[in-house]
file my_file-v7.cif (mmCIF, C-alpha atoms)
data_work
#
loop_
_atom_site.label_atom_id
_atom_site.label_comp_id
_atom_site.auth_asym_id
_atom_site.auth_seq_id
_atom_site.Cartn_x
_atom_site.Cartn_y
_atom_site.Cartn_z
CA MET A 14 -0.50 -85.73 -124.21
CA ILE A 15 -0.93 -87.55 -120.91
CA GLU A 16 -2.75 -90.84 -121.15
CA PRO A 17 -5.64 -91.37 -118.70
CA ALA A 18 -4.76 -93.38 -115.62
CA ALA A 19 -5.87 -96.96 -115.08
CA PRO A 20 -9.64 -97.56 -114.65
CA SER A 21 -11.20 -96.90 -111.25
CA ASP A 22 -11.68 -100.50 -110.18
CA GLY A 23 -9.58 -100.60 -107.06
CA SER A 24 -6.41 -99.48 -108.83
CA ALA A 25 -4.19 -96.77 -107.37
CA ALA A 26 -6.06 -94.05 -109.27
CA ALA A 27 -9.45 -94.95 -107.76
CA GLY A 28 -9.18 -92.61 -104.77
CA PRO A 29 -7.93 -89.55 -106.68
CA ARG A 30 -10.58 -90.06 -109.35
CA LEU A 31 -13.36 -90.33 -106.76
CA ILE A 32 -12.04 -87.19 -105.04
CA VAL A 33 -12.08 -85.19 -108.28
CA GLU A 34 -15.60 -86.43 -109.06
CA SER A 35 -16.61 -85.13 -105.61
CA LEU A 36 -14.97 -81.77 -106.33
CA GLN A 37 -16.93 -81.54 -109.56
CA ARG A 38 -20.23 -82.30 -107.79
CA ILE A 39 -19.37 -79.64 -105.19
CA GLY A 40 -18.82 -77.15 -108.01
CA VAL A 41 -15.13 -76.50 -107.45
CA SER A 42 -13.70 -74.63 -110.43
CA LEU A 43 -10.25 -73.62 -109.15
CA ALA A 44 -7.58 -75.64 -107.34
CA ALA A 45 -4.41 -74.11 -105.88
CA TYR A 46 -1.72 -76.63 -105.09
CA LEU A 47 1.86 -77.33 -104.15
CA PRO A 48 3.27 -80.78 -104.93
CA ASP A 49 3.84 -83.52 -102.40
CA GLU A 50 4.92 -87.10 -102.99
CA TRP A 51 1.56 -88.47 -101.80
CA LEU A 52 -0.46 -85.84 -103.68
CA GLU A 53 0.95 -86.41 -107.16
CA PRO A 54 -1.81 -88.82 -108.36
CA LEU A 55 -4.49 -86.40 -107.08
CA ILE A 56 -2.85 -83.35 -108.64
CA ASP A 57 -2.49 -85.26 -111.93
CA GLU A 58 -6.21 -86.06 -111.81
CA VAL A 59 -7.09 -82.42 -111.03
CA GLU A 60 -4.96 -81.23 -113.94
CA ARG A 61 -6.89 -83.57 -116.25
CA ALA A 62 -10.26 -82.22 -115.09
CA PRO A 63 -11.50 -79.79 -117.75
CA THR A 64 -13.77 -77.90 -115.32
CA ILE A 65 -11.08 -77.14 -112.74
CA ARG A 66 -8.40 -74.50 -113.28
CA GLY A 67 -5.14 -75.50 -111.62
CA VAL A 68 -2.98 -72.82 -110.01
CA ARG A 69 0.56 -73.78 -109.03
CA ILE A 70 1.83 -71.90 -106.00
CA ALA A 71 5.25 -71.28 -104.50
CA ARG A 72 4.19 -71.33 -100.82
CA GLU A 73 1.08 -72.79 -99.26
CA ASP A 74 -0.29 -69.65 -97.60
CA GLU A 75 -0.61 -68.07 -101.04
CA GLY A 76 -3.30 -70.68 -101.61
CA ILE A 77 -5.31 -69.41 -98.65
CA GLY A 78 -5.32 -65.94 -100.23
CA ILE A 79 -6.16 -67.28 -103.70
CA CYS A 80 -9.06 -69.40 -102.41
CA ALA A 81 -10.44 -66.55 -100.28
CA GLY A 82 -10.17 -64.07 -103.15
CA ALA A 83 -11.85 -66.45 -105.57
CA PHE A 84 -14.67 -67.01 -103.06
CA PHE A 85 -15.33 -63.28 -103.06
CA GLY A 86 -15.32 -63.53 -106.85
CA GLY A 87 -18.11 -66.11 -106.67
CA LYS A 88 -16.16 -69.34 -107.18
CA ARG A 89 -15.77 -72.53 -105.16
CA THR A 90 -12.18 -73.57 -104.68
CA VAL A 91 -9.84 -76.08 -103.08
CA LEU A 92 -6.33 -75.83 -101.68
CA ILE A 93 -4.34 -79.04 -102.07
CA THR A 94 -1.29 -79.31 -99.83
CA GLN A 95 0.65 -81.48 -97.45
CA ASN A 96 -0.10 -80.90 -93.75
CA SER A 97 3.17 -78.98 -93.61
CA GLY A 98 1.36 -76.32 -95.65
CA VAL A 99 -1.46 -76.11 -93.12
CA LEU A 100 1.05 -75.66 -90.31
CA LEU A 101 2.77 -72.90 -92.30
CA SER A 102 -0.51 -71.16 -93.14
CA GLY A 103 -1.80 -70.54 -89.62
CA ASN A 104 -1.76 -66.75 -89.86
CA ALA A 105 -3.29 -66.72 -93.33
CA ILE A 106 -6.10 -68.99 -92.13
CA VAL A 107 -7.00 -66.96 -89.04
CA GLY A 108 -6.09 -63.52 -90.43
CA CYS A 109 -7.69 -63.90 -93.85
CA ALA A 110 -10.01 -66.88 -94.30
CA LEU A 111 -11.57 -66.80 -90.82
CA LEU A 112 -11.57 -63.01 -90.31
CA HIS A 113 -13.24 -62.43 -93.67
CA HIS A 114 -15.49 -65.52 -93.48
CA ALA A 115 -14.26 -67.12 -96.70
CA PRO A 116 -15.24 -70.80 -97.09
CA PHE A 117 -13.32 -73.30 -99.22
CA LEU A 118 -12.03 -76.86 -99.03
CA MET A 119 -8.54 -77.93 -98.02
CA LEU A 120 -7.41 -81.36 -99.20
CA VAL A 121 -4.41 -82.24 -97.07
CA SER A 122 -2.07 -85.21 -97.21
CA TYR A 123 -1.77 -86.45 -93.64
CA THR A 124 1.94 -87.17 -93.42
CA GLY A 125 3.14 -88.35 -90.04
CA SER A 126 -0.20 -90.01 -89.36
CA ILE A 127 -0.03 -93.33 -87.55
CA THR A 128 0.10 -95.33 -90.79
CA ASP A 129 2.91 -93.24 -92.29
CA ARG A 130 5.89 -94.83 -90.47
CA ARG A 131 8.47 -92.28 -91.69
CA PHE A 132 10.33 -91.14 -88.58
CA TYR A 133 11.00 -87.63 -89.88
CA GLN A 134 7.31 -86.89 -90.33
CA ILE A 135 6.31 -87.86 -86.79
CA ASN A 136 6.20 -84.37 -85.27
CA LYS A 137 4.30 -82.95 -88.21
CA GLY A 138 1.68 -85.64 -87.85
CA ARG A 139 1.38 -85.19 -84.11
CA ALA A 140 0.89 -81.42 -84.41
CA THR A 141 -1.70 -81.45 -87.18
CA GLU A 142 -4.98 -82.23 -85.43
CA PRO A 143 -4.29 -80.10 -82.30
CA PHE A 144 -3.38 -77.26 -84.67
CA LEU A 145 -6.68 -77.56 -86.54
CA HIS A 146 -8.51 -77.62 -83.20
CA ALA A 147 -6.64 -74.49 -82.12
CA LEU A 148 -7.67 -72.68 -85.31
CA GLY A 149 -11.28 -73.79 -84.87
CA LEU A 150 -11.36 -75.68 -88.18
CA ARG A 151 -13.53 -78.77 -88.65
CA TYR A 152 -11.91 -81.74 -90.37
CA ALA A 153 -12.41 -85.38 -91.27
CA ILE A 154 -9.84 -88.12 -91.78
CA VAL A 155 -10.26 -89.92 -95.08
CA GLU A 156 -8.16 -93.08 -95.32
CA GLU A 157 -10.03 -95.27 -97.81
CA PRO A 158 -11.79 -94.62 -101.14
CA ALA A 159 -15.07 -95.69 -99.48
CA GLN A 160 -14.82 -92.60 -97.23
CA VAL A 161 -14.47 -90.03 -100.03
CA GLY A 162 -18.11 -88.99 -99.56
CA LEU A 163 -16.97 -87.16 -96.42
CA ILE A 164 -15.44 -84.53 -98.70
CA GLU A 165 -18.91 -83.47 -99.85
CA ASP A 166 -20.03 -83.33 -96.22
CA LEU A 167 -17.04 -81.11 -95.44
CA ALA A 168 -17.90 -78.82 -98.36
CA ALA A 169 -21.48 -78.49 -97.09
CA TYR A 170 -20.10 -77.66 -93.65
CA ALA A 171 -17.68 -75.09 -95.10
CA TYR A 172 -20.34 -73.18 -97.02
CA GLN A 173 -22.89 -73.35 -94.20
CA SER A 174 -20.38 -72.13 -91.62
CA ALA A 175 -18.59 -69.65 -93.93
CA GLN A 176 -15.16 -70.99 -93.06
CA PRO A 177 -12.70 -73.49 -94.55
CA ALA A 178 -13.02 -77.22 -93.83
CA VAL A 179 -10.24 -79.76 -94.04
CA ALA A 180 -9.98 -83.34 -95.32
CA LEU A 181 -6.92 -85.12 -93.95
CA LEU A 182 -6.11 -87.67 -96.63
CA GLY A 183 -4.22 -90.88 -95.91
CA ARG A 184 -1.83 -92.60 -98.25
CA THR A 185 -4.27 -95.32 -99.34
CA VAL A 186 -7.00 -93.00 -100.58
CA LEU A 187 -4.41 -90.89 -102.39
CA GLY A 188 -3.16 -93.96 -104.24
CA ALA A 189 0.41 -92.97 -103.44
CA MET B 5 5.73 -38.49 -103.30
CA GLN B 6 3.24 -39.21 -100.53
CA GLN B 7 1.30 -42.47 -100.81
CA ARG B 8 -2.01 -40.61 -100.64
CA ASP B 9 -1.02 -38.33 -103.55
CA ALA B 10 -0.01 -41.33 -105.64
CA MET B 11 -3.30 -43.03 -104.83
CA ARG B 12 -5.24 -39.89 -105.76
CA ILE B 13 -3.69 -40.01 -109.23
CA LEU B 14 -4.52 -43.71 -109.66
CA ARG B 15 -8.04 -43.19 -108.30
CA GLN B 16 -8.94 -40.91 -111.23
CA HIS B 17 -8.64 -43.87 -113.61
CA VAL B 18 -10.43 -46.51 -111.53
CA ALA B 19 -13.87 -47.39 -112.90
CA ASP B 20 -16.86 -48.08 -110.66
CA GLU B 21 -16.87 -51.77 -111.60
CA ASP B 22 -13.18 -52.32 -110.81
CA VAL B 23 -12.29 -54.30 -107.69
CA VAL B 24 -9.61 -52.77 -105.44
CA ILE B 25 -7.87 -55.08 -102.93
CA LEU B 26 -6.07 -53.25 -100.11
CA GLY B 27 -3.13 -54.73 -98.20
CA ILE B 28 -2.78 -54.28 -94.45
CA GLY B 29 -1.61 -50.98 -92.97
CA SER B 30 -1.44 -47.60 -94.63
CA PRO B 31 -2.72 -48.67 -98.09
CA ASN B 32 -6.10 -49.26 -96.42
CA VAL B 33 -6.09 -45.96 -94.58
CA ASP B 34 -4.91 -43.80 -97.45
CA TRP B 35 -7.12 -45.38 -100.14
CA LEU B 36 -10.25 -45.29 -98.01
CA ALA B 37 -9.59 -41.63 -97.20
CA LEU B 38 -10.17 -40.92 -100.90
CA GLY B 39 -13.78 -42.11 -100.61
CA GLN B 40 -15.65 -45.35 -99.98
CA ARG B 41 -16.43 -47.72 -102.85
CA ASP B 42 -18.53 -50.87 -102.52
CA LEU B 43 -15.91 -52.81 -104.50
CA ASN B 44 -13.02 -52.01 -102.18
CA PHE B 45 -11.91 -55.04 -100.18
CA SER B 46 -9.69 -54.44 -97.15
CA ILE B 47 -7.31 -57.20 -96.07
CA LEU B 48 -6.91 -56.38 -92.38
CA ALA B 49 -4.72 -58.94 -90.65
CA ALA B 50 -2.83 -61.15 -93.10
CA MET B 51 0.36 -59.41 -94.18
CA GLY B 52 1.54 -60.30 -97.66
CA LEU B 53 -1.70 -61.94 -98.74
CA ALA B 54 -3.35 -59.12 -100.71
CA GLN B 55 -1.67 -60.08 -103.98
CA SER B 56 -2.75 -63.73 -103.68
CA PHE B 57 -6.29 -62.65 -102.77
CA GLY B 58 -6.20 -60.46 -105.88
CA LEU B 59 -4.99 -63.37 -108.03
CA GLY B 60 -7.91 -65.52 -106.88
CA MET B 61 -10.31 -62.67 -107.52
CA ALA B 62 -8.87 -61.97 -110.97
CA LEU B 63 -9.14 -65.64 -112.01
CA ALA B 64 -12.71 -65.86 -110.67
CA GLN B 65 -13.80 -62.63 -112.37
CA PRO B 66 -11.96 -62.50 -115.71
CA ASP B 67 -14.19 -59.73 -117.08
CA ARG B 68 -13.53 -57.38 -114.19
CA ARG B 69 -10.36 -55.40 -113.53
CA VAL B 70 -8.68 -56.19 -110.20
CA LEU B 71 -6.23 -53.70 -108.70
CA VAL B 72 -4.11 -54.71 -105.70
CA MET B 73 -2.61 -51.92 -103.57
CA GLU B 74 -0.06 -53.25 -101.11
CA GLY B 75 2.96 -52.10 -99.14
CA ASP B 76 6.42 -53.31 -100.04
CA GLY B 77 6.92 -55.11 -96.70
CA GLY B 78 4.04 -57.47 -97.45
CA VAL B 79 5.22 -58.03 -101.00
CA LEU B 80 8.74 -58.83 -99.82
CA MET B 81 7.31 -61.31 -97.34
CA SER B 82 5.50 -63.19 -100.13
CA LEU B 83 7.72 -62.52 -103.12
CA GLY B 84 7.15 -65.99 -104.58
CA ALA B 85 3.48 -65.15 -105.09
CA ILE B 86 4.56 -63.01 -108.04
CA ALA B 87 5.80 -66.18 -109.78
CA SER B 88 2.45 -67.87 -109.18
CA ALA B 89 0.56 -64.89 -110.59
CA ALA B 90 2.98 -64.54 -113.50
CA GLU B 91 2.35 -68.13 -114.57
CA GLN B 92 -1.42 -67.55 -114.60
CA ALA B 93 -0.92 -64.05 -116.09
CA PRO B 94 -4.51 -62.87 -115.66
CA PRO B 95 -4.77 -59.90 -118.05
CA ASN B 96 -7.18 -58.15 -115.65
CA LEU B 97 -4.79 -58.04 -112.65
CA ARG B 98 -2.50 -55.13 -111.67
CA HIS B 99 -0.31 -55.12 -108.58
CA PHE B 100 0.70 -51.71 -107.20
CA VAL B 101 3.55 -51.93 -104.69
CA PHE B 102 3.90 -48.81 -102.52
CA THR B 103 7.61 -48.75 -101.90
CA ASN B 104 8.79 -46.88 -98.82
CA ARG B 105 11.35 -49.54 -97.87
CA SER B 106 10.02 -49.76 -94.33
CA PHE B 107 7.47 -51.46 -92.08
CA GLY B 108 5.17 -48.44 -91.93
CA ALA B 109 2.53 -49.76 -89.54
CA THR B 110 5.02 -50.51 -86.78
CA GLY B 111 7.14 -47.36 -86.81
CA ASN B 112 8.98 -47.33 -90.14
CA GLN B 113 11.66 -49.83 -89.26
CA PRO B 114 13.71 -50.50 -92.43
CA LEU B 115 13.06 -53.61 -94.52
CA PRO B 116 16.02 -55.97 -94.85
CA SER B 117 18.28 -54.77 -97.65
CA ALA B 118 16.06 -51.69 -97.75
CA THR B 119 18.12 -49.43 -99.96
CA HIS B 120 18.76 -52.11 -102.58
CA LEU B 121 15.25 -53.48 -103.10
CA ASP B 122 14.04 -53.28 -106.70
CA PHE B 123 10.55 -54.74 -107.01
CA ALA B 124 10.27 -54.12 -110.75
CA ALA B 125 13.46 -56.09 -111.35
CA ALA B 126 12.27 -58.77 -108.93
CA ALA B 127 8.98 -59.03 -110.80
CA ARG B 128 10.80 -59.46 -114.11
CA ALA B 129 13.04 -62.10 -112.56
CA LEU B 130 9.90 -63.97 -111.46
CA GLY B 131 8.28 -63.88 -114.90
CA ALA B 132 6.08 -60.79 -114.62
CA ALA B 133 6.12 -57.38 -116.27
CA GLY B 134 7.57 -54.87 -113.82
CA CYS B 135 7.89 -51.13 -113.78
CA TYR B 136 9.20 -48.56 -111.31
CA ILE B 137 7.86 -45.03 -110.86
CA THR B 138 9.63 -42.42 -108.78
CA SER B 139 7.93 -39.09 -109.54
CA MET B 140 4.44 -37.62 -109.56
CA GLU B 141 4.97 -36.42 -113.13
CA ASP B 142 5.85 -39.90 -114.32
CA LEU B 143 2.87 -41.40 -112.50
CA GLU B 144 0.47 -38.77 -113.86
CA GLY B 145 1.68 -39.48 -117.38
CA ARG B 146 1.39 -43.27 -117.10
CA ALA B 147 -1.40 -43.95 -114.60
CA GLU B 148 -4.22 -44.31 -117.13
CA ARG B 149 -2.37 -46.86 -119.25
CA LEU B 150 -1.02 -48.72 -116.23
CA ILE B 151 -4.58 -49.30 -115.07
CA ARG B 152 -6.39 -49.73 -118.37
CA ASP B 153 -3.94 -51.60 -120.62
CA PRO B 154 -4.52 -55.35 -120.21
CA GLY B 155 -1.77 -57.58 -118.82
CA TYR B 156 -0.56 -58.68 -115.40
CA ALA B 157 1.98 -56.14 -114.18
CA VAL B 158 3.79 -55.27 -110.97
CA VAL B 159 4.11 -51.50 -110.56
CA SER B 160 6.46 -50.28 -107.83
CA ILE B 161 5.80 -46.67 -106.82
CA GLU B 162 8.46 -45.00 -104.68
CA ILE B 163 6.83 -43.09 -101.81
CA GLU B 164 7.99 -41.29 -98.70
CA ARG B 165 7.73 -42.82 -95.28
CA GLY B 166 4.56 -41.69 -93.59
CA VAL B 167 2.82 -41.69 -90.25
CA LEU B 168 0.10 -44.30 -89.96
CA ARG B 169 -3.12 -42.40 -89.34
CA ASP B 170 -6.01 -43.72 -87.27
CA PHE B 171 -8.30 -46.09 -89.08
CA PRO B 172 -11.34 -44.22 -90.36
CA PRO B 173 -14.66 -45.02 -88.62
CA ASP B 174 -15.86 -47.45 -91.28
CA LEU B 175 -12.82 -49.64 -90.67
CA ARG B 176 -13.62 -50.34 -87.02
CA PRO B 177 -15.14 -53.61 -85.82
CA PRO B 178 -17.26 -55.50 -86.76
CA MET B 179 -16.20 -54.29 -90.15
CA PRO B 180 -15.31 -57.69 -91.71
CA ILE B 181 -18.90 -58.94 -91.56
CA HIS B 182 -20.24 -55.68 -92.98
CA GLN B 183 -17.59 -55.65 -95.69
CA ARG B 184 -18.41 -59.23 -96.66
CA ALA B 185 -22.11 -58.53 -97.08
CA ARG B 186 -21.55 -55.22 -98.88
CA PHE B 187 -18.92 -56.61 -101.24
CA LEU B 188 -20.83 -59.75 -102.24
CA ARG B 189 -23.97 -57.69 -102.81
CA ALA B 190 -22.06 -55.23 -105.00
CA MET B 191 -20.59 -58.15 -106.97
CA GLY B 192 -24.07 -59.60 -107.48
CA ILE B 193 -23.07 -62.83 -105.74
CA GLU B 194 -25.79 -64.68 -103.81
CA ARG B 195 -24.69 -66.18 -100.50
#
call {"tool": "encode", "arguments": {"input": "my_file-v7.cif", "output": "structure tokens"}}
result
Amino acid sequence: MIEPAAPSDGSAAAGPRLIVESLQRIGVSLAAYLPDEWLEPLIDEVERAPTIRGVRIAREDEGIGICAGAFFGGKRTVLITQNSGVLLSGNAIVGCALLHHAPFLMLVSYTGSITDRRFYQINKGRATEPFLHALGLRYAIVEEPAQVGLIEDLAAYAYQSAQPAVALLGRTVLGA
Amino acid sequence: MQQRDAMRILRQHVADEDVVILGIGSPNVDWLALGQRDLNFSILAAMGLAQSFGLGMALAQPDRRVLVMEGDGGVLMSLGAIASAAEQAPPNLRHFVFTNRSFGATGNQPLPSATHLDFAAAARALGAAGCYITSMEDLEGRAERLIRDPGYAVVSIEIERGVLRDFPPDLRPPMPIHQRARFLRAMGIER
């Protein structure tokens, strides 16, 4: 049995807990995810959420297919991945999610962003936003727990526009 | 065995309420030639994604049978997705892999390691039930149970290389928007 994380009073778990509360208000009932160092606290929180079914995947573009398929089965979903997974999933996004007009949320750890400071992530970070622009996906950068409300705005945008929307999550909000 | 003949045998055991997910290329063309169904869903551009789409559908609709029909090239491209599906093991999901050991839509170029590929063994190695069918007689004898018995399974059906036929008229643009509306309506989902 996993003990609950520390209370949400500015501790490291505050951001992940707020994010999962947002997902529950949005009505997300399925989360597909692949681990990432920064995403572990969020994935732990998702796995503790009784209303969200977690689906572990072997490669990130599987998650695009799972989320699109579940949309056509009437469910709201989220793909949780590092930005490397978004870069890998370009064809799945344009060839499946956008072609078939399947909305869902993507919660993405923004490695290589300006606050990351790990030299080997630099190119990944630099490519991420131009790549999202090229695909025609709307996104918001969420760095602090106070900005988590943007995730519900992104969900509204996704379901109104019938396409995925992306939250780029910084290290602070992820409590990593 | 021709893919269309194999599909004709399977089609006899598909109920009206079953969802059929079609992978890119000839599985779309050959299945749709057997007659339109509102609960067919054609994946048109994302190779290797039909099985993951089917997994999402099967988890979202646990009371409805979901049948994925996909070519072996796409499955090989996304082999790890079998492990993801096997862990979830939705009892309502079946994955039919039409095995001609070639990239049929682009001129039947051989898959890498074409003559050695064993998708049933690969499925078992990834945690799923796998079976391999090589003759019409075997398929006729087992098709009903393969579709109706609960349990996630990967079913590799050995078929001959074919010639990709023209897409039928109802698969021409702007088909994705029409398919979306038709499918959601048939599922009873309000959007």
call {"tool": "interface_residues", "arguments": {"input": "my_file-v7.cif", "of": "chain B", "to": "chain A", "cutoff": "7 Å", "atoms": "only C-alpha atoms", "output": "JSON, numbers by chain"}}
result
{"B": [49, 50, 53, 56, 57, 58, 59, 60, 61, 64, 65, 84, 85, 88, 180, 181, 184, 188, 193]}
call {"tool": "resolve_selection", "arguments": {"input": "my_file-v7.cif", "expression": "the PyMOL selection byres ((chain B and resi 12) around 12)", "output": "MDAnalysis selection string"}}
result
chainID B and resid 5:11 13:18 31 34:39 140 143:144 147
call {"tool": "residues_around", "arguments": {"input": "my_file-v7.cif", "residues": "stretch 116-131 of chain B", "least_positions_apart": "6", "cutoff": "10 Å", "atoms": "only C-alpha atoms", "output": "PyMOL selection string"}}
result
chain B and resi 76-77+79-80+83-91+93+101-106+137+157-161
call {"tool": "atom_distance", "arguments": {"input": "my_file-v7.cif", "atom1": "atom CA of A:Thr185", "atom2": "atom CA of A:Ala147"}}
result
27.1 Å
call {"tool": "atom_distance", "arguments": {"input": "my_file-v7.cif", "atom1": "atom CA of B:Gly134", "atom2": "atom CA of B:Ile163"}}
result
16.8 Å
call {"tool": "atom_distance", "arguments": {"input": "my_file-v7.cif", "atom1": "atom CA of B:Arg146", "atom2": "atom CA of B:Phe100"}}
result
13.0 Å
call {"tool": "residues_around", "arguments": {"input": "my_file-v7.cif", "residues": "B:Arg152", "least_positions_apart": "3", "cutoff": "10 Å", "atoms": "all atoms listed in the file", "output": "ChimeraX atom specification"}}
result
/B:17-19,69,96,98,147-149,155
call {"tool": "decode", "arguments": {"input": "my_file-v7.cif", "residues": "stretch 11-31 of chain B", "atoms": "N, CA and C atoms", "output": "PDB file, in the first residue's frame"}}
result
ATOM      1  N   MET B  11     -11.451 -12.461 -44.466  1.00  0.00           N
ATOM      2  CA  MET B  11     -12.355 -11.481 -43.841  1.00  0.00           C
ATOM      3  C   MET B  11     -13.815 -11.893 -43.997  1.00  0.00           C
ATOM      4  N   ARG B  12     -14.136 -12.522 -45.122  1.00  0.00           N
ATOM      5  CA  ARG B  12     -15.524 -12.967 -45.340  1.00  0.00           C
ATOM      6  C   ARG B  12     -15.914 -13.997 -44.276  1.00  0.00           C
ATOM      7  N   ILE B  13     -14.987 -14.869 -43.935  1.00  0.00           N
ATOM      8  CA  ILE B  13     -15.260 -15.879 -42.897  1.00  0.00           C
ATOM      9  C   ILE B  13     -15.460 -15.190 -41.546  1.00  0.00           C
ATOM     10  N   LEU B  14     -14.587 -14.262 -41.207  1.00  0.00           N
ATOM     11  CA  LEU B  14     -14.718 -13.554 -39.921  1.00  0.00           C
ATOM     12  C   LEU B  14     -16.018 -12.763 -39.869  1.00  0.00           C
ATOM     13  N   ARG B  15     -16.364 -12.144 -40.995  1.00  0.00           N
ATOM     14  CA  ARG B  15     -17.526 -11.245 -41.065  1.00  0.00           C
ATOM     15  C   ARG B  15     -18.815 -11.949 -40.645  1.00  0.00           C
ATOM     16  N   GLN B  16     -18.900 -13.252 -40.924  1.00  0.00           N
ATOM     17  CA  GLN B  16     -20.117 -14.015 -40.590  1.00  0.00           C
ATOM     18  C   GLN B  16     -20.380 -14.034 -39.086  1.00  0.00           C
ATOM     19  N   HIS B  17     -19.355 -13.811 -38.287  1.00  0.00           N
ATOM     20  CA  HIS B  17     -19.500 -13.933 -36.836  1.00  0.00           C
ATOM     21  C   HIS B  17     -19.456 -12.581 -36.133  1.00  0.00           C
ATOM     22  N   VAL B  18     -19.410 -11.504 -36.894  1.00  0.00           N
ATOM     23  CA  VAL B  18     -19.380 -10.165 -36.322  1.00  0.00           C
ATOM     24  C   VAL B  18     -20.807  -9.677 -36.110  1.00  0.00           C
ATOM     25  N   ALA B  19     -21.118  -9.290 -34.878  1.00  0.00           N
ATOM     26  CA  ALA B  19     -22.468  -8.809 -34.557  1.00  0.00           C
ATOM     27  C   ALA B  19     -22.598  -7.330 -34.916  1.00  0.00           C
ATOM     28  N   ASP B  20     -23.843  -6.879 -35.093  1.00  0.00           N
ATOM     29  CA  ASP B  20     -24.081  -5.487 -35.484  1.00  0.00           C
ATOM     30  C   ASP B  20     -23.471  -4.497 -34.498  1.00  0.00           C
ATOM     31  N   GLU B  21     -23.466  -4.858 -33.210  1.00  0.00           N
ATOM     32  CA  GLU B  21     -22.998  -3.910 -32.193  1.00  0.00           C
ATOM     33  C   GLU B  21     -21.484  -3.955 -31.990  1.00  0.00           C
ATOM     34  N   ASP B  22     -20.792  -4.839 -32.676  1.00  0.00           N
ATOM     35  CA  ASP B  22     -19.328  -4.910 -32.550  1.00  0.00           C
ATOM     36  C   ASP B  22     -18.678  -3.735 -33.281  1.00  0.00           C
ATOM     37  N   VAL B  23     -17.600  -3.218 -32.691  1.00  0.00           N
ATOM     38  CA  VAL B  23     -16.804  -2.190 -33.365  1.00  0.00           C
ATOM     39  C   VAL B  23     -15.661  -2.875 -34.118  1.00  0.00           C
ATOM     40  N   VAL B  24     -15.443  -2.466 -35.372  1.00  0.00           N
ATOM     41  CA  VAL B  24     -14.325  -2.992 -36.161  1.00  0.00           C
ATOM     42  C   VAL B  24     -13.406  -1.831 -36.526  1.00  0.00           C
ATOM     43  N   ILE B  25     -12.152  -1.913 -36.081  1.00  0.00           N
ATOM     44  CA  ILE B  25     -11.138  -0.892 -36.362  1.00  0.00           C
ATOM     45  C   ILE B  25     -10.246  -1.419 -37.486  1.00  0.00           C
ATOM     46  N   LEU B  26     -10.090  -0.618 -38.544  1.00  0.00           N
ATOM     47  CA  LEU B  26      -9.354  -1.067 -39.726  1.00  0.00           C
ATOM     48  C   LEU B  26      -8.042  -0.300 -39.854  1.00  0.00           C
ATOM     49  N   GLY B  27      -6.940  -1.047 -39.953  1.00  0.00           N
ATOM     50  CA  GLY B  27      -5.631  -0.436 -40.161  1.00  0.00           C
ATOM     51  C   GLY B  27      -5.478   0.052 -41.584  1.00  0.00           C
ATOM     52  N   ILE B  28      -4.458   0.901 -41.805  1.00  0.00           N
ATOM     53  CA  ILE B  28      -4.285   1.512 -43.126  1.00  0.00           C
ATOM     54  C   ILE B  28      -4.006   0.452 -44.188  1.00  0.00           C
ATOM     55  N   GLY B  29      -4.344   0.792 -45.437  1.00  0.00           N
ATOM     56  CA  GLY B  29      -4.040  -0.067 -46.569  1.00  0.00           C
ATOM     57  C   GLY B  29      -5.142  -1.068 -46.866  1.00  0.00           C
ATOM     58  N   SER B  30      -4.741  -2.243 -47.309  1.00  0.00           N
ATOM     59  CA  SER B  30      -5.711  -3.202 -47.824  1.00  0.00           C
ATOM     60  C   SER B  30      -6.735  -3.698 -46.800  1.00  0.00           C
ATOM     61  N   PRO B  31      -6.448  -3.741 -45.491  1.00  0.00           N
ATOM     62  CA  PRO B  31      -7.535  -4.149 -44.579  1.00  0.00           C
ATOM     63  C   PRO B  31      -8.771  -3.259 -44.707  1.00  0.00           C
TER      64      PRO B  31
END
